[in-house]
>>> print(open('query.cif').read())   # mmCIF, C-alpha atoms, pLDDT in the B column; chains and numbers go by the auth columns
data_upload
loop_
_atom_site.group_PDB
_atom_site.id
_atom_site.type_symbol
_atom_site.label_atom_id
_atom_site.label_comp_id
_atom_site.label_asym_id
_atom_site.label_seq_id
_atom_site.Cartn_x
_atom_site.Cartn_y
_atom_site.Cartn_z
_atom_site.B_iso_or_equiv
_atom_site.auth_seq_id
_atom_site.auth_asym_id
ATOM 1 C CA MET A 1 -7.608 163.636 -1.478 43.00 9 A
ATOM 2 C CA LYS A 2 -4.472 161.644 -2.124 48.00 10 A
ATOM 3 C CA ASN A 3 -1.565 161.963 0.297 54.00 11 A
ATOM 4 C CA ASP A 4 1.824 163.165 -0.913 57.00 12 A
ATOM 5 C CA THR A 5 4.295 160.410 -1.724 54.00 13 A
ATOM 6 C CA PRO A 6 7.437 160.016 0.432 51.00 14 A
ATOM 7 C CA GLU A 7 9.509 161.345 -2.476 56.00 15 A
ATOM 8 C CA GLN A 8 7.335 164.470 -2.729 55.00 16 A
ATOM 9 C CA LEU A 9 7.602 165.039 0.997 51.00 17 A
ATOM 10 C CA ASP A 10 11.387 164.638 0.832 66.00 18 A
ATOM 11 C CA SER A 11 11.521 167.208 -1.983 65.00 19 A
ATOM 12 C CA ASP A 12 9.440 169.630 0.064 71.00 20 A
ATOM 13 C CA LYS A 13 11.758 169.187 3.044 71.00 21 A
ATOM 14 C CA GLU A 14 14.806 169.682 0.843 68.00 22 A
ATOM 15 C CA ILE A 15 13.415 172.937 -0.577 64.00 23 A
ATOM 16 C CA GLU A 16 12.465 174.172 2.897 71.00 24 A
ATOM 17 C CA ARG A 17 15.920 173.314 4.199 68.00 25 A
ATOM 18 C CA VAL A 18 17.620 175.249 1.417 64.00 26 A
ATOM 19 C CA ILE A 19 15.384 178.283 1.993 69.00 27 A
ATOM 20 C CA ASP A 20 16.026 178.176 5.754 67.00 28 A
ATOM 21 C CA GLU A 21 19.773 178.047 5.185 67.00 29 A
ATOM 22 C CA VAL A 22 19.664 180.983 2.794 62.00 30 A
ATOM 23 C CA MET A 23 17.486 183.069 5.114 65.00 31 A
ATOM 24 C CA SER A 24 19.254 182.271 8.364 57.00 32 A
ATOM 25 C CA SER A 25 22.904 182.209 7.325 62.00 33 A
ATOM 26 C CA SER A 26 25.422 184.758 6.210 72.00 34 A
ATOM 27 C CA LEU A 27 26.430 183.262 2.884 73.00 35 A
ATOM 28 C CA SER A 28 29.028 184.282 0.379 82.00 36 A
ATOM 29 C CA ASP A 29 27.901 184.921 -3.179 82.00 37 A
ATOM 30 C CA GLU A 30 29.263 181.538 -4.208 86.00 38 A
ATOM 31 C CA GLN A 31 27.488 179.713 -1.362 82.00 39 A
ATOM 32 C CA TYR A 32 24.227 181.478 -2.212 81.00 40 A
ATOM 33 C CA ARG A 33 24.572 180.498 -5.875 83.00 41 A
ATOM 34 C CA LYS A 34 25.124 176.844 -4.949 86.00 42 A
ATOM 35 C CA LYS A 35 22.089 176.821 -2.632 82.00 43 A
ATOM 36 C CA MET A 36 19.879 178.299 -5.336 83.00 44 A
ATOM 37 C CA GLN A 37 21.246 175.859 -7.891 88.00 45 A
ATOM 38 C CA ARG A 38 20.335 172.981 -5.561 83.00 46 A
ATOM 39 C CA ARG A 39 16.813 174.313 -5.170 81.00 47 A
ATOM 40 C CA LYS A 40 16.506 174.663 -8.951 87.00 48 A
ATOM 41 C CA GLU A 41 17.583 171.033 -9.423 86.00 49 A
ATOM 42 C CA VAL A 42 15.042 169.754 -6.895 83.00 50 A
ATOM 43 C CA GLN A 43 12.242 171.820 -8.417 84.00 51 A
ATOM 44 C CA GLU A 44 13.062 170.791 -11.981 85.00 52 A
ATOM 45 C CA LYS A 45 13.077 167.118 -10.959 84.00 53 A
ATOM 46 C CA ARG A 46 9.596 167.464 -9.462 79.00 54 A
ATOM 47 C CA ILE A 47 8.296 169.210 -12.579 82.00 55 A
ATOM 48 C CA ALA A 48 9.770 166.516 -14.825 84.00 56 A
ATOM 49 C CA GLN A 49 7.954 163.827 -12.818 82.00 57 A
ATOM 50 C CA ALA A 50 4.624 165.688 -12.732 78.00 58 A
ATOM 51 C CA VAL A 51 1.513 164.578 -14.621 76.00 59 A
ATOM 52 C CA PRO A 52 1.121 166.773 -17.737 78.00 60 A
ATOM 53 C CA GLU A 53 -2.577 167.541 -17.265 86.00 61 A
ATOM 54 C CA LYS A 54 -5.499 166.614 -15.030 94.00 62 A
ATOM 55 C CA GLY A 55 -8.928 168.107 -14.528 97.00 63 A
ATOM 56 C CA LEU A 56 -8.957 169.455 -10.985 98.00 64 A
ATOM 57 C CA ILE A 57 -11.612 169.806 -8.300 98.00 65 A
ATOM 58 C CA ILE A 58 -10.783 173.091 -6.586 98.00 66 A
ATOM 59 C CA VAL A 59 -12.307 174.339 -3.323 98.00 67 A
ATOM 60 C CA ASN A 60 -12.028 177.934 -2.090 98.00 68 A
ATOM 61 C CA THR A 61 -13.405 178.115 1.441 98.00 69 A
ATOM 62 C CA GLY A 62 -12.872 179.819 4.813 97.00 70 A
ATOM 63 C CA ASN A 63 -14.267 182.930 6.491 94.00 71 A
ATOM 64 C CA GLY A 64 -11.927 185.358 4.769 95.00 72 A
ATOM 65 C CA LYS A 65 -12.713 187.488 1.746 92.00 73 A
ATOM 66 C CA GLY A 66 -11.524 186.543 -1.733 93.00 74 A
ATOM 67 C CA LYS A 67 -12.941 183.091 -2.469 95.00 75 A
ATOM 68 C CA THR A 68 -14.971 184.121 -5.498 92.00 76 A
ATOM 69 C CA THR A 69 -12.386 186.692 -6.565 92.00 77 A
ATOM 70 C CA ALA A 70 -9.682 184.014 -6.729 95.00 78 A
ATOM 71 C CA ALA A 71 -11.993 181.739 -8.713 96.00 79 A
ATOM 72 C CA LEU A 72 -12.772 184.523 -11.183 94.00 80 A
ATOM 73 C CA GLY A 73 -9.048 184.943 -11.745 95.00 81 A
ATOM 74 C CA MET A 74 -8.971 181.330 -12.960 97.00 82 A
ATOM 75 C CA VAL A 75 -12.007 182.046 -15.125 96.00 83 A
ATOM 76 C CA LEU A 76 -10.167 184.945 -16.732 95.00 84 A
ATOM 77 C CA ARG A 77 -7.107 182.803 -17.382 96.00 85 A
ATOM 78 C CA SER A 78 -9.221 180.098 -18.994 97.00 86 A
ATOM 79 C CA LEU A 79 -10.967 182.627 -21.220 96.00 87 A
ATOM 80 C CA GLY A 80 -7.579 183.989 -22.191 95.00 88 A
ATOM 81 C CA HIS A 81 -6.608 180.503 -23.391 97.00 89 A
ATOM 82 C CA GLY A 82 -9.743 180.346 -25.504 97.00 90 A
ATOM 83 C CA TYR A 83 -11.504 177.760 -23.316 98.00 91 A
ATOM 84 C CA LYS A 84 -15.241 177.595 -22.756 98.00 92 A
ATOM 85 C CA VAL A 85 -16.291 178.380 -19.179 98.00 93 A
ATOM 86 C CA ALA A 86 -19.541 178.166 -17.207 97.00 94 A
ATOM 87 C CA ILE A 87 -20.375 180.052 -14.018 95.00 95 A
ATOM 88 C CA VAL A 88 -23.365 179.159 -11.846 94.00 96 A
ATOM 89 C CA GLN A 89 -23.960 181.379 -8.798 92.00 97 A
ATOM 90 C CA PHE A 90 -25.993 179.661 -6.087 92.00 98 A
ATOM 91 C CA ILE A 91 -26.669 182.399 -3.524 83.00 99 A
ATOM 92 C CA LYS A 92 -25.949 185.607 -5.385 65.00 100 A
ATOM 93 C CA GLY A 93 -28.442 186.739 -7.976 56.00 101 A
ATOM 94 C CA ALA A 94 -30.766 189.173 -6.208 44.00 102 A
ATOM 95 C CA TRP A 95 -28.713 191.878 -7.922 47.00 103 A
ATOM 96 C CA GLU A 96 -27.056 192.024 -11.332 56.00 104 A
ATOM 97 C CA PRO A 97 -23.460 190.924 -10.694 63.00 105 A
ATOM 98 C CA SER A 98 -20.851 193.322 -12.041 76.00 106 A
ATOM 99 C CA GLU A 99 -18.780 190.276 -13.026 76.00 107 A
ATOM 100 C CA LYS A 100 -21.535 189.271 -15.428 77.00 108 A
ATOM 101 C CA ARG A 101 -21.336 192.622 -17.199 82.00 109 A
ATOM 102 C CA VAL A 102 -17.549 192.392 -17.515 85.00 110 A
ATOM 103 C CA PHE A 103 -17.582 188.829 -18.795 87.00 111 A
ATOM 104 C CA SER A 104 -20.199 189.708 -21.422 84.00 112 A
ATOM 105 C CA ASN A 105 -17.177 190.525 -23.592 88.00 113 A
ATOM 106 C CA TRP A 106 -16.648 186.745 -23.892 94.00 114 A
ATOM 107 C CA GLN A 107 -20.199 185.757 -24.801 91.00 115 A
ATOM 108 C CA ASP A 108 -18.998 183.145 -27.276 95.00 116 A
ATOM 109 C CA GLN A 109 -16.911 181.403 -24.570 97.00 117 A
ATOM 110 C CA LEU A 110 -18.803 181.997 -21.334 96.00 118 A
ATOM 111 C CA GLU A 111 -22.143 180.895 -19.902 95.00 119 A
ATOM 112 C CA PHE A 112 -23.100 182.861 -16.760 92.00 120 A
ATOM 113 C CA HIS A 113 -26.114 182.051 -14.573 90.00 121 A
ATOM 114 C CA ALA A 114 -26.876 183.932 -11.339 86.00 122 A
ATOM 115 C CA MET A 115 -29.578 181.632 -9.975 83.00 123 A
ATOM 116 C CA GLY A 116 -29.894 182.593 -6.326 72.00 124 A
ATOM 117 C CA GLU A 117 -32.095 185.261 -4.834 61.00 125 A
ATOM 118 C CA GLY A 118 -29.733 186.685 -2.275 54.00 126 A
ATOM 119 C CA PHE A 119 -28.687 185.676 1.197 50.00 127 A
ATOM 120 C CA THR A 120 -30.925 183.466 3.334 50.00 128 A
ATOM 121 C CA TRP A 121 -31.799 186.302 5.718 45.00 129 A
ATOM 122 C CA GLU A 122 -33.056 188.300 2.722 53.00 130 A
ATOM 123 C CA THR A 123 -35.220 185.624 1.098 55.00 131 A
ATOM 124 C CA GLN A 124 -36.715 184.314 4.372 59.00 132 A
ATOM 125 C CA ASP A 125 -38.314 181.467 2.408 69.00 133 A
ATOM 126 C CA ARG A 126 -36.613 178.092 2.900 80.00 134 A
ATOM 127 C CA ASP A 127 -38.750 176.211 0.390 83.00 135 A
ATOM 128 C CA ARG A 128 -37.970 178.754 -2.320 83.00 136 A
ATOM 129 C CA ASP A 129 -34.260 178.650 -1.406 84.00 137 A
ATOM 130 C CA LEU A 130 -34.353 174.851 -1.738 90.00 138 A
ATOM 131 C CA ASP A 131 -35.997 175.088 -5.152 90.00 139 A
ATOM 132 C CA LYS A 132 -33.479 177.666 -6.364 90.00 140 A
ATOM 133 C CA ALA A 133 -30.529 175.606 -5.150 92.00 141 A
ATOM 134 C CA SER A 134 -31.920 172.478 -6.808 95.00 142 A
ATOM 135 C CA ALA A 135 -32.397 174.324 -10.105 94.00 143 A
ATOM 136 C CA ALA A 136 -28.878 175.749 -9.894 95.00 144 A
ATOM 137 C CA TRP A 137 -27.456 172.271 -9.260 97.00 145 A
ATOM 138 C CA GLN A 138 -29.290 170.792 -12.244 97.00 146 A
ATOM 139 C CA LYS A 139 -27.916 173.600 -14.415 97.00 147 A
ATOM 140 C CA SER A 140 -24.442 172.920 -12.989 98.00 148 A
ATOM 141 C CA LEU A 141 -24.675 169.225 -13.861 98.00 149 A
ATOM 142 C CA ASP A 142 -25.348 170.122 -17.496 98.00 150 A
ATOM 143 C CA TYR A 143 -22.026 171.956 -17.645 98.00 151 A
ATOM 144 C CA ILE A 144 -20.061 169.506 -15.480 98.00 152 A
ATOM 145 C CA ARG A 145 -20.973 166.657 -17.834 98.00 153 A
ATOM 146 C CA ASN A 146 -20.358 168.671 -21.008 98.00 154 A
ATOM 147 C CA PRO A 147 -16.846 168.061 -22.371 98.00 155 A
ATOM 148 C CA ASP A 148 -16.977 171.360 -24.304 98.00 156 A
ATOM 149 C CA PHE A 149 -16.490 173.284 -21.040 98.00 157 A
ATOM 150 C CA LYS A 150 -12.951 173.338 -19.679 98.00 158 A
ATOM 151 C CA LEU A 151 -13.836 175.140 -16.427 98.00 159 A
ATOM 152 C CA VAL A 152 -17.028 175.222 -14.356 98.00 160 A
ATOM 153 C CA LEU A 153 -17.343 177.604 -11.406 97.00 161 A
ATOM 154 C CA LEU A 154 -19.986 176.767 -8.790 98.00 162 A
ATOM 155 C CA ASP A 155 -20.010 179.992 -6.823 95.00 163 A
ATOM 156 C CA GLU A 156 -21.230 179.828 -3.199 95.00 164 A
ATOM 157 C CA ILE A 157 -22.285 176.195 -3.560 97.00 165 A
ATOM 158 C CA ASN A 158 -20.609 175.494 -0.210 97.00 166 A
ATOM 159 C CA ILE A 159 -23.186 177.785 1.429 94.00 167 A
ATOM 160 C CA ALA A 160 -25.972 175.755 -0.168 94.00 168 A
ATOM 161 C CA LEU A 161 -24.365 172.614 1.243 97.00 169 A
ATOM 162 C CA LYS A 162 -23.916 174.161 4.675 95.00 170 A
ATOM 163 C CA MET A 163 -27.582 175.251 4.764 92.00 171 A
ATOM 164 C CA GLY A 164 -28.761 171.782 3.743 94.00 172 A
ATOM 165 C CA TYR A 165 -30.184 172.942 0.391 94.00 173 A
ATOM 166 C CA LEU A 166 -27.980 170.337 -1.296 96.00 174 A
ATOM 167 C CA GLN A 167 -26.459 167.117 0.014 97.00 175 A
ATOM 168 C CA VAL A 168 -22.719 166.570 -0.245 98.00 176 A
ATOM 169 C CA GLU A 169 -23.308 163.036 -1.558 98.00 177 A
ATOM 170 C CA GLN A 170 -25.210 164.319 -4.580 97.00 178 A
ATOM 171 C CA VAL A 171 -22.534 166.917 -5.304 98.00 179 A
ATOM 172 C CA LEU A 172 -19.748 164.324 -5.081 98.00 180 A
ATOM 173 C CA ALA A 173 -21.725 162.017 -7.375 98.00 181 A
ATOM 174 C CA GLY A 174 -22.085 164.857 -9.861 98.00 182 A
ATOM 175 C CA LEU A 175 -18.386 165.705 -9.733 98.00 183 A
ATOM 176 C CA ALA A 176 -17.598 162.068 -10.507 98.00 184 A
ATOM 177 C CA GLN A 177 -19.330 162.545 -13.865 98.00 185 A
ATOM 178 C CA LYS A 178 -17.041 165.307 -15.116 98.00 186 A
ATOM 179 C CA PRO A 179 -14.702 164.607 -18.057 98.00 187 A
ATOM 180 C CA ALA A 180 -11.127 163.828 -17.069 96.00 188 A
ATOM 181 C CA ASP A 181 -9.725 167.184 -18.192 96.00 189 A
ATOM 182 C CA THR A 182 -12.494 169.454 -16.865 98.00 190 A
ATOM 183 C CA HIS A 183 -11.780 171.714 -13.878 98.00 191 A
ATOM 184 C CA VAL A 184 -14.534 172.492 -11.353 98.00 192 A
ATOM 185 C CA ILE A 185 -14.233 175.237 -8.723 98.00 193 A
ATOM 186 C CA LEU A 186 -16.520 175.251 -5.665 98.00 194 A
ATOM 187 C CA THR A 187 -16.539 178.373 -3.503 97.00 195 A
ATOM 188 C CA GLY A 188 -18.075 179.459 -0.222 96.00 196 A
ATOM 189 C CA ARG A 189 -17.339 179.197 3.456 96.00 197 A
ATOM 190 C CA GLY A 190 -17.982 176.005 5.379 96.00 198 A
ATOM 191 C CA ALA A 191 -16.961 173.448 2.740 98.00 199 A
ATOM 192 C CA PRO A 192 -17.860 170.009 4.142 97.00 200 A
ATOM 193 C CA PRO A 193 -15.028 167.606 5.050 98.00 201 A
ATOM 194 C CA ALA A 194 -16.075 165.062 2.416 98.00 202 A
ATOM 195 C CA LEU A 195 -15.727 167.672 -0.325 98.00 203 A
ATOM 196 C CA ILE A 196 -12.349 168.810 0.999 98.00 204 A
ATOM 197 C CA GLU A 197 -11.205 165.180 1.044 98.00 205 A
ATOM 198 C CA ARG A 198 -12.248 164.703 -2.590 98.00 206 A
ATOM 199 C CA ALA A 199 -10.727 167.963 -3.875 98.00 207 A
ATOM 200 C CA ASP A 200 -7.337 168.242 -5.563 97.00 208 A
ATOM 201 C CA LEU A 201 -6.696 171.841 -4.504 98.00 209 A
ATOM 202 C CA VAL A 202 -8.119 173.433 -1.347 98.00 210 A
ATOM 203 C CA THR A 203 -7.494 177.000 -0.219 98.00 211 A
ATOM 204 C CA GLU A 204 -8.830 178.375 3.056 97.00 212 A
ATOM 205 C CA MET A 205 -9.181 182.147 3.238 96.00 213 A
ATOM 206 C CA THR A 206 -8.476 183.331 6.786 95.00 214 A
ATOM 207 C CA LEU A 207 -10.233 186.427 8.097 92.00 215 A
ATOM 208 C CA ILE A 208 -7.860 188.714 9.982 93.00 216 A
ATOM 209 C CA LYS A 209 -9.479 192.125 9.518 93.00 217 A
ATOM 210 C CA HIS A 210 -12.603 193.204 7.656 89.00 218 A
ATOM 211 C CA PRO A 211 -13.774 196.801 7.081 90.00 219 A
ATOM 212 C CA PHE A 212 -17.443 196.037 7.785 86.00 220 A
ATOM 213 C CA ARG A 213 -16.810 194.085 10.974 84.00 221 A
ATOM 214 C CA ASP A 214 -14.041 196.306 12.316 88.00 222 A
ATOM 215 C CA GLN A 215 -14.972 199.751 10.998 93.00 223 A
ATOM 216 C CA GLY A 216 -18.595 199.521 9.899 91.00 224 A
ATOM 217 C CA VAL A 217 -17.739 200.201 6.242 90.00 225 A
ATOM 218 C CA LYS A 218 -20.440 199.055 3.833 89.00 226 A
ATOM 219 C CA ALA A 219 -19.808 196.816 0.829 83.00 227 A
ATOM 220 C CA GLN A 220 -18.317 198.915 -1.965 84.00 228 A
ATOM 221 C CA PRO A 221 -18.465 198.624 -5.764 72.00 229 A
ATOM 222 C CA GLY A 222 -15.277 197.225 -7.203 79.00 230 A
ATOM 223 C CA ILE A 223 -14.337 195.583 -3.887 79.00 231 A
ATOM 224 C CA GLU A 224 -17.288 193.457 -2.753 78.00 232 A
ATOM 225 C CA TYR A 225 -19.409 193.542 -5.910 72.00 233 A
#
>>> encode(input="query.cif", output="structure tokens")
Amino acid sequence: MKNDTPEQLDSDKEIERVIDEVMSSSLSDEQYRKKMQRRKEVQEKRIAQAVPEKGLIIVNTGNGKGKTTAALGMVLRSLGHGYKVAIVQFIKGAWEPSEKRVFSNWQDQLEFHAMGEGFTWETQDRDRDLDKASAAWQKSLDYIRNPDFKLVLLDEINIALKMGYLQVEQVLAGLAQKPADTHVILTGRGAPPALIERADLVTEMTLIKHPFRDQGVKAQPGIEY
């Protein structure tokens, strides 16, 4: 993952400084307007210097809830733009995902494959889990390499990496084969450092409270599945 340039870092500091001054000071209306105008100028300069388009490698990881949900929001946006999208689910698949039923409305734009057989403590068969993960990865490669697909979501692939069902080197080699304008999202807790280093956008979901852990509330339709 490339480091920010000194100019980008200076812009970030400038924006933070303006926000701190606005939040911590008692400003007149005119002073506030000038501060906001300065922030607008800095932001517009950054946008003007930005690259118009680039296919991104996006990682949603961490122990908190919402990794797949955030990725599906990007899927919905892409479908709204008329793009073709592929979803491959690595661990989920023992049940019919509700997302698959919803996205059936975009059958001409979306390919959806739930190729897992549930969580590892449910399958209790490592060899079968390895085979399923390998098959899911081969299916993923077909979409990653295909320039017709603007977005490819590899749901829970980080779990497959963490469990040793896939090797991070083979995943990185596969990502290197994607077309320049294709986006790939990889979700699941425990994303390996090498994948985080390669990614363009990384978000870590932090668990603060969870209804199952803290209150014993089971997974509920519309929230967890």
>>> resolve_selection(input="query.cif", expression="the PyMOL selection byres ((chain A and resi 180) around 12)", output="short mmCIF file (atom, residue, chain, number, x, y, z; two decimals) with C-alpha atoms, in the coordinates of the input")
data_model
loop_
_atom_site.label_atom_id
_atom_site.label_comp_id
_atom_site.auth_asym_id
_atom_site.auth_seq_id
_atom_site.Cartn_x
_atom_site.Cartn_y
_atom_site.Cartn_z
CA ILE A 65 -11.61 169.81 -8.30
CA TRP A 145 -27.46 172.27 -9.26
CA LEU A 149 -24.68 169.22 -13.86
CA ILE A 152 -20.06 169.51 -15.48
CA LEU A 169 -24.36 172.61 1.24
CA LEU A 174 -27.98 170.34 -1.30
CA GLN A 175 -26.46 167.12 0.01
CA VAL A 176 -22.72 166.57 -0.24
CA GLU A 177 -23.31 163.04 -1.56
CA GLN A 178 -25.21 164.32 -4.58
CA VAL A 179 -22.53 166.92 -5.30
CA ALA A 181 -21.72 162.02 -7.38
CA GLY A 182 -22.08 164.86 -9.86
CA LEU A 183 -18.39 165.70 -9.73
CA ALA A 184 -17.60 162.07 -10.51
CA GLN A 185 -19.33 162.54 -13.86
CA LYS A 186 -17.04 165.31 -15.12
CA VAL A 192 -14.53 172.49 -11.35
CA LEU A 194 -16.52 175.25 -5.66
CA PRO A 200 -17.86 170.01 4.14
CA PRO A 201 -15.03 167.61 5.05
CA ALA A 202 -16.08 165.06 2.42
CA LEU A 203 -15.73 167.67 -0.32
CA ILE A 204 -12.35 168.81 1.00
CA GLU A 205 -11.20 165.18 1.04
CA ARG A 206 -12.25 164.70 -2.59
CA ALA A 207 -10.73 167.96 -3.88
#
>>> closest_residue(input="query.cif", among="A:Met44, A:Ala56, A:Val160, A:Leu35", to="Ile95 (chain A)", atoms="only C-alpha atoms")
A:Val160
>>> residues_around(input="query.cif", residues="Pro187 (chain A)", least_positions_apart="2", cutoff="6 Å", atoms="only C-alpha atoms", output="ChimeraX atom specification")
/A:155,189-190
>>> write_last_selection(input="query.cif", atoms="C-alpha atoms", output="PDB file, keeping the file's coordinate frame")
ATOM      1  CA  PRO A 155     -16.846 168.061 -22.371  1.00 98.00           C
ATOM      2  CA  ASP A 189      -9.725 167.184 -18.192  1.00 96.00           C
ATOM      3  CA  THR A 190     -12.494 169.454 -16.865  1.00 98.00           C
TER       4      THR A 190
END
>>> closest_residue(input="query.cif", among="A:Leu215, A:Ala141, A:Ile55, A:Ala94", to="His191 (chain A)", atoms="only C-alpha atoms")
A:Ala94
>>> resolve_selection(input="query.cif", expression="the PyMOL selection byres ((chain A and resi 66-79) around 8)", output="PyMOL selection string")
chain A and resi 64-65+80-83+161+163-164+166+191-199+204+207-216
>>> resolve_selection(input="query.cif", expression="the PyMOL selection byres ((chain A and resi 123) around 7)", output="PyMOL selection string")
chain A and resi 96-98+101+121-122+124-125+140+144
>>> residues_near_point(input="query.cif", point="(-18.0, 193.1, -14.3)", cutoff="12 Å", atoms="only C-alpha atoms", output="PyMOL selection string")
chain A and resi 77+80+84+104-114+120+229-233
>>> atom_distance(input="query.cif", atom1="CA of Leu159 (chain A)", atom2="CA of Tyr173 (chain A)")
23.6 Å
>>> atom_distance(input="query.cif", atom1="CA of Asp37 (chain A)", atom2="CA of Val50 (chain A)")
20.2 Å
>>> atom_distance(input="query.cif", atom1="CA of Tyr91 (chain A)", atom2="CA of Phe157 (chain A)")
7.1 Å
>>> closest_residue(input="query.cif", among="A:Gln117, A:Gln146, A:Pro219, A:Ser36", to="His89 (chain A)", atoms="all atoms listed in the file")
A:Gln117
>>> closest_residue(input="query.cif", among="A:Ser142, A:Tyr151, A:Leu118, A:Asp135", to="Gly88 (chain A)", atoms="all atoms listed in the file")
A:Leu118
>>> closest_residue(input="query.cif", among="A:Asn154, A:Ala58, A:Val93, A:Arg46", to="Gln115 (chain A)", atoms="all atoms listed in the file")
A:Val93
>>> closest_residue(input="query.cif", among="A:Lys92, A:Ile167, A:Asp20, A:Asp139", to="Arg54 (chain A)", atoms="only C-alpha atoms")
A:Asp20
>>> axis_aligned_box(input="query.cif", around="region 37-41 of chain A", padding_each_side="5 Å", output="lines of an AutoDock Vina configuration file")
center_x = 26.7
center_y = 182.3
center_z = -3.6
size_x = 15.0
size_y = 15.2
size_z = 14.5
>>> decode(input="query.cif", residues="region 54-66 of chain A", atoms="N, CA and C atoms", output="JSON list (two decimals), in the first residue's frame")
[["chain", "number", "residue", "atom", "x", "y", "z"],
["A", 54, "ARG", "N", -7.18, 19.15, -3.67],
["A", 54, "ARG", "CA", -6.89, 17.71, -3.61],
["A", 54, "ARG", "C", -7.70, 16.96, -4.67],
["A", 55, "ILE", "N", -8.97, 17.32, -4.82],
["A", 55, "ILE", "CA", -9.82, 16.65, -5.80],
["A", 55, "ILE", "C", -9.30, 16.89, -7.21],
["A", 56, "ALA", "N", -8.87, 18.13, -7.47],
["A", 56, "ALA", "CA", -8.36, 18.47, -8.81],
["A", 56, "ALA", "C", -7.11, 17.67, -9.14],
["A", 57, "GLN", "N", -6.32, 17.31, -8.13],
["A", 57, "GLN", "CA", -5.07, 16.59, -8.36],
["A", 57, "GLN", "C", -5.26, 15.07, -8.34],
["A", 58, "ALA", "N", -6.46, 14.62, -8.01],
["A", 58, "ALA", "CA", -6.71, 13.18, -7.85],
["A", 58, "ALA", "C", -6.76, 12.48, -9.20],
["A", 59, "VAL", "N", -6.42, 11.18, -9.18],
["A", 59, "VAL", "CA", -6.53, 10.33, -10.37],
["A", 59, "VAL", "C", -8.01, 10.11, -10.67],
["A", 60, "PRO", "N", -8.43, 10.25, -11.93],
["A", 60, "PRO", "CA", -9.85, 10.15, -12.26],
["A", 60, "PRO", "C", -10.47, 8.80, -11.90],
["A", 61, "GLU", "N", -9.76, 7.71, -12.15],
["A", 61, "GLU", "CA", -10.35, 6.39, -11.91],
["A", 61, "GLU", "C", -9.24, 5.36, -11.75],
["A", 62, "LYS", "N", -9.48, 4.41, -10.85],
["A", 62, "LYS", "CA", -8.54, 3.31, -10.63],
["A", 62, "LYS", "C", -9.30, 2.15, -10.01],
["A", 63, "GLY", "N", -9.08, 0.96, -10.54],
["A", 63, "GLY", "CA", -9.68, -0.22, -9.92],
["A", 63, "GLY", "C", -9.03, -0.48, -8.57],
["A", 64, "LEU", "N", -9.85, -0.58, -7.53],
["A", 64, "LEU", "CA", -9.36, -0.67, -6.17],
["A", 64, "LEU", "C", -9.41, -2.09, -5.61],
["A", 65, "ILE", "N", -8.45, -2.40, -4.76],
["A", 65, "ILE", "CA", -8.51, -3.59, -3.90],
["A", 65, "ILE", "C", -8.94, -3.10, -2.53],
["A", 66, "ILE", "N", -10.08, -3.60, -2.08],
["A", 66, "ILE", "CA", -10.74, -3.09, -0.86],
["A", 66, "ILE", "C", -10.83, -4.23, 0.15]]
